[in-house]
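Please read the structure below before turning to the comments.
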Amino acid sequence: MRIRLHGTPAETAAALDALAQVLHIRSVSRPYPDRRSPMFQRIYLDAAPRKDARR
């Protein structure tokens, strides 16, 4: 699945760490600056559910 994270660099890093606990992260794009607010960025992930994740 493809996931877009949008927020400050600290927020997107924290969200990526949290998602890595329950998803297998296959790839992470480079950060793209937000078009309207330069303090925000977008990061795109390619991920799949982890086999060992609790439901």
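Quick note on naming: the chains in the structure tokens go A, B, ... in the order shown, residues restart at 1 in each chain, and ligands are numbered from 1 in order of appearance.
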
At a cut-off of 8 Å, using only C-alpha atoms, what residues contact Asp46 in chain A? Leave out same-chain residues fewer than 2 positions from it and give the result as number ranges by chain.
A: 1-3, 25-28, 44, 48

Store the residues of this selection in a file with C-alpha atoms, as a tab-separated table (two decimals), in the first residue's frame.
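Saved to out-v1.tsv:
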chain	number	residue	atom	x	y	z
A	1	MET	CA	0.00	0.00	0.00
A	2	ARG	CA	1.06	3.60	-0.51
A	3	ILE	CA	0.84	5.99	2.42
A	25	ILE	CA	8.16	-0.44	5.25
A	26	ARG	CA	9.45	-1.33	1.78
A	27	SER	CA	10.52	2.15	0.70
A	28	VAL	CA	10.46	5.77	1.83
A	44	TYR	CA	5.46	8.71	0.62
A	48	ALA	CA	2.68	-3.94	3.77

Find the spatial neighbours of Leu19 in chain A, counting only C-alpha atoms, within a cut-off of 12 Å - ignore same-chain residues fewer than 3 positions away - and output them as a CSV table (one decimal) with C-alpha atoms, in the first residue's frame.
chain,number,residue,atom,x,y,z
A,3,ILE,CA,0.8,6.0,2.4
A,4,ARG,CA,1.4,9.7,2.4
A,5,LEU,CA,2.7,11.4,5.6
A,12,THR,CA,6.7,12.7,9.9
A,13,ALA,CA,9.7,11.0,11.5
A,14,ALA,CA,7.7,10.1,14.6
A,15,ALA,CA,4.8,8.8,12.4
A,16,LEU,CA,7.3,6.7,10.3
A,22,VAL,CA,3.0,-2.5,12.6
A,23,LEU,CA,3.9,-2.3,8.9
A,24,HIS,CA,6.8,-3.6,6.8
A,25,ILE,CA,8.2,-0.4,5.3
A,26,ARG,CA,9.4,-1.3,1.8
A,28,VAL,CA,10.5,5.8,1.8
A,45,LEU,CA,5.8,5.2,1.9
A,46,ASP,CA,5.3,1.8,0.3
A,47,ALA,CA,4.3,-0.6,3.0
A,48,ALA,CA,2.7,-3.9,3.8
A,49,PRO,CA,1.2,-5.4,7.0
A,50,ARG,CA,3.7,-7.3,9.0
A,53,ALA,CA,1.9,-7.6,14.0

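Summary of the local environment: counting only C-alpha atoms, residues at most 9 Å from Pro9 in chain A, other than itself and those fewer than 6 positions away along its chain, are A:Pro31, A:Met39, A:Phe40, A:Gln41, A:Arg42.
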
Quick one, how far is CA of Ile43 in chain A from CA of Ala18 in chain A?
14.4 Å

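These are the residues of range 9-55 of chain A assigned strand (DSSP E or B) by DSSP from backbone coordinates: Leu23, His24, Ile25, Arg26, Ser27, Val28, Tyr32, Pro33, Gln41, Arg42, Ile43, Tyr44, Leu45, Asp46, Ala47, Ala48 and Pro49 of chain A.
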
Keeping only N, CA, C and O atoms, write the selected residues as a PDB file, in the first residue's frame.
ATOM      1  N   LEU A  23       3.878  -2.126  10.382  1.00  0.00           N
ATOM      2  CA  LEU A  23       3.949  -2.333   8.940  1.00  0.00           C
ATOM      3  C   LEU A  23       5.376  -2.646   8.525  1.00  0.00           C
ATOM      4  O   LEU A  23       6.337  -2.170   9.145  1.00  0.00           O
ATOM      5  N   HIS A  24       5.512  -3.419   7.467  1.00  0.00           N
ATOM      6  CA  HIS A  24       6.810  -3.642   6.847  1.00  0.00           C
ATOM      7  C   HIS A  24       6.998  -2.504   5.840  1.00  0.00           C
ATOM      8  O   HIS A  24       6.270  -2.426   4.843  1.00  0.00           O
ATOM      9  N   ILE A  25       7.929  -1.598   6.113  1.00  0.00           N
ATOM     10  CA  ILE A  25       8.164  -0.441   5.253  1.00  0.00           C
ATOM     11  C   ILE A  25       9.129  -0.865   4.147  1.00  0.00           C
ATOM     12  O   ILE A  25      10.285  -1.191   4.407  1.00  0.00           O
ATOM     13  N   ARG A  26       8.628  -0.896   2.921  1.00  0.00           N
ATOM     14  CA  ARG A  26       9.447  -1.326   1.776  1.00  0.00           C
ATOM     15  C   ARG A  26      10.312  -0.196   1.237  1.00  0.00           C
ATOM     16  O   ARG A  26      11.447  -0.409   0.833  1.00  0.00           O
ATOM     17  N   SER A  27       9.749   1.006   1.189  1.00  0.00           N
ATOM     18  CA  SER A  27      10.523   2.149   0.696  1.00  0.00           C
ATOM     19  C   SER A  27       9.956   3.439   1.264  1.00  0.00           C
ATOM     20  O   SER A  27       8.783   3.517   1.620  1.00  0.00           O
ATOM     21  N   VAL A  28      10.823   4.439   1.333  1.00  0.00           N
ATOM     22  CA  VAL A  28      10.459   5.774   1.830  1.00  0.00           C
ATOM     23  C   VAL A  28      10.998   6.775   0.820  1.00  0.00           C
ATOM     24  O   VAL A  28      12.184   6.734   0.464  1.00  0.00           O
ATOM     25  N   TYR A  32       9.287  15.897   0.314  1.00  0.00           N
ATOM     26  CA  TYR A  32       8.876  16.916  -0.648  1.00  0.00           C
ATOM     27  C   TYR A  32       8.317  18.096   0.131  1.00  0.00           C
ATOM     28  O   TYR A  32       7.478  17.916   1.011  1.00  0.00           O
ATOM     29  N   PRO A  33       8.743  19.315  -0.183  1.00  0.00           N
ATOM     30  CA  PRO A  33       8.216  20.478   0.539  1.00  0.00           C
ATOM     31  C   PRO A  33       6.734  20.686   0.234  1.00  0.00           C
ATOM     32  O   PRO A  33       6.279  20.432  -0.878  1.00  0.00           O
ATOM     33  N   GLN A  41       6.205  19.037   5.225  1.00  0.00           N
ATOM     34  CA  GLN A  41       6.724  18.211   4.150  1.00  0.00           C
ATOM     35  C   GLN A  41       5.811  17.018   3.929  1.00  0.00           C
ATOM     36  O   GLN A  41       4.965  16.708   4.757  1.00  0.00           O
ATOM     37  N   ARG A  42       6.002  16.370   2.783  1.00  0.00           N
ATOM     38  CA  ARG A  42       5.277  15.139   2.465  1.00  0.00           C
ATOM     39  C   ARG A  42       6.302  14.041   2.248  1.00  0.00           C
ATOM     40  O   ARG A  42       7.346  14.275   1.638  1.00  0.00           O
ATOM     41  N   ILE A  43       5.992  12.857   2.772  1.00  0.00           N
ATOM     42  CA  ILE A  43       6.822  11.674   2.550  1.00  0.00           C
ATOM     43  C   ILE A  43       5.880  10.557   2.130  1.00  0.00           C
ATOM     44  O   ILE A  43       4.802  10.391   2.711  1.00  0.00           O
ATOM     45  N   TYR A  44       6.280   9.817   1.114  1.00  0.00           N
ATOM     46  CA  TYR A  44       5.462   8.713   0.623  1.00  0.00           C
ATOM     47  C   TYR A  44       6.117   7.391   1.009  1.00  0.00           C
ATOM     48  O   TYR A  44       7.331   7.230   0.869  1.00  0.00           O
ATOM     49  N   LEU A  45       5.312   6.468   1.502  1.00  0.00           N
ATOM     50  CA  LEU A  45       5.795   5.156   1.924  1.00  0.00           C
ATOM     51  C   LEU A  45       5.160   4.081   1.066  1.00  0.00           C
ATOM     52  O   LEU A  45       4.004   4.201   0.659  1.00  0.00           O
ATOM     53  N   ASP A  46       5.897   3.027   0.840  1.00  0.00           N
ATOM     54  CA  ASP A  46       5.348   1.803   0.274  1.00  0.00           C
ATOM     55  C   ASP A  46       5.474   0.786   1.400  1.00  0.00           C
ATOM     56  O   ASP A  46       6.583   0.539   1.899  1.00  0.00           O
ATOM     57  N   ALA A  47       4.348   0.236   1.851  1.00  0.00           N
ATOM     58  CA  ALA A  47       4.349  -0.618   3.032  1.00  0.00           C
ATOM     59  C   ALA A  47       3.377  -1.783   2.875  1.00  0.00           C
ATOM     60  O   ALA A  47       2.494  -1.758   2.016  1.00  0.00           O
ATOM     61  N   ALA A  48       3.563  -2.788   3.728  1.00  0.00           N
ATOM     62  CA  ALA A  48       2.676  -3.943   3.770  1.00  0.00           C
ATOM     63  C   ALA A  48       2.496  -4.349   5.231  1.00  0.00           C
ATOM     64  O   ALA A  48       3.375  -4.092   6.057  1.00  0.00           O
ATOM     65  N   PRO A  49       1.368  -4.975   5.574  1.00  0.00           N
ATOM     66  CA  PRO A  49       1.188  -5.441   6.951  1.00  0.00           C
ATOM     67  C   PRO A  49       2.293  -6.432   7.329  1.00  0.00           C
ATOM     68  O   PRO A  49       2.708  -7.248   6.502  1.00  0.00           O
TER      69      PRO A  49
END

If you run DSSP on the backbone, which residues of chain A are alpha helix (DSSP H), as number ranges by chain?
A: 9-20

Keeping only N, CA, C and O atoms, write the selected residues to a file as a CSV table (one decimal), in the first residue's frame.
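What follows is the written file part33.csv:
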chain,number,residue,atom,x,y,z
A,9,PRO,N,8.9,18.0,9.8
A,9,PRO,CA,9.9,16.9,9.7
A,9,PRO,C,9.9,16.0,11.0
A,9,PRO,O,10.0,14.8,10.9
A,10,ALA,N,9.7,16.6,12.2
A,10,ALA,CA,9.7,15.8,13.4
A,10,ALA,C,8.4,15.0,13.5
A,10,ALA,O,8.5,13.8,13.9
A,11,GLU,N,7.3,15.5,13.0
A,11,GLU,CA,6.0,14.7,13.0
A,11,GLU,C,6.1,13.5,12.0
A,11,GLU,O,5.7,12.4,12.4
A,12,THR,N,6.6,13.8,10.8
A,12,THR,CA,6.7,12.7,9.9
A,12,THR,C,7.7,11.6,10.3
A,12,THR,O,7.4,10.4,10.1
A,13,ALA,N,8.8,12.0,11.0
A,13,ALA,CA,9.7,11.0,11.5
A,13,ALA,C,9.1,10.2,12.6
A,13,ALA,O,9.3,9.0,12.6
A,14,ALA,N,8.3,10.8,13.5
A,14,ALA,CA,7.7,10.1,14.6
A,14,ALA,C,6.6,9.2,14.0
A,14,ALA,O,6.5,8.0,14.5
A,15,ALA,N,5.9,9.6,13.0
A,15,ALA,CA,4.8,8.8,12.4
A,15,ALA,C,5.5,7.6,11.7
A,15,ALA,O,5.0,6.5,11.8
A,16,LEU,N,6.6,7.8,11.0
A,16,LEU,CA,7.3,6.7,10.3
A,16,LEU,C,7.7,5.7,11.3
A,16,LEU,O,7.6,4.5,11.1
A,17,ASP,N,8.3,6.1,12.5
A,17,ASP,CA,8.7,5.2,13.5
A,17,ASP,C,7.6,4.4,14.1
A,17,ASP,O,7.7,3.2,14.3
A,18,ALA,N,6.4,5.0,14.3
A,18,ALA,CA,5.2,4.3,14.8
A,18,ALA,C,4.7,3.3,13.8
A,18,ALA,O,4.3,2.2,14.1
A,19,LEU,N,4.6,3.7,12.5
A,19,LEU,CA,4.1,2.8,11.5
A,19,LEU,C,5.0,1.6,11.3
A,19,LEU,O,4.6,0.5,11.0
A,20,ALA,N,6.3,1.8,11.5
A,20,ALA,CA,7.3,0.7,11.3
A,20,ALA,C,7.1,-0.4,12.3
A,20,ALA,O,7.5,-1.5,12.1
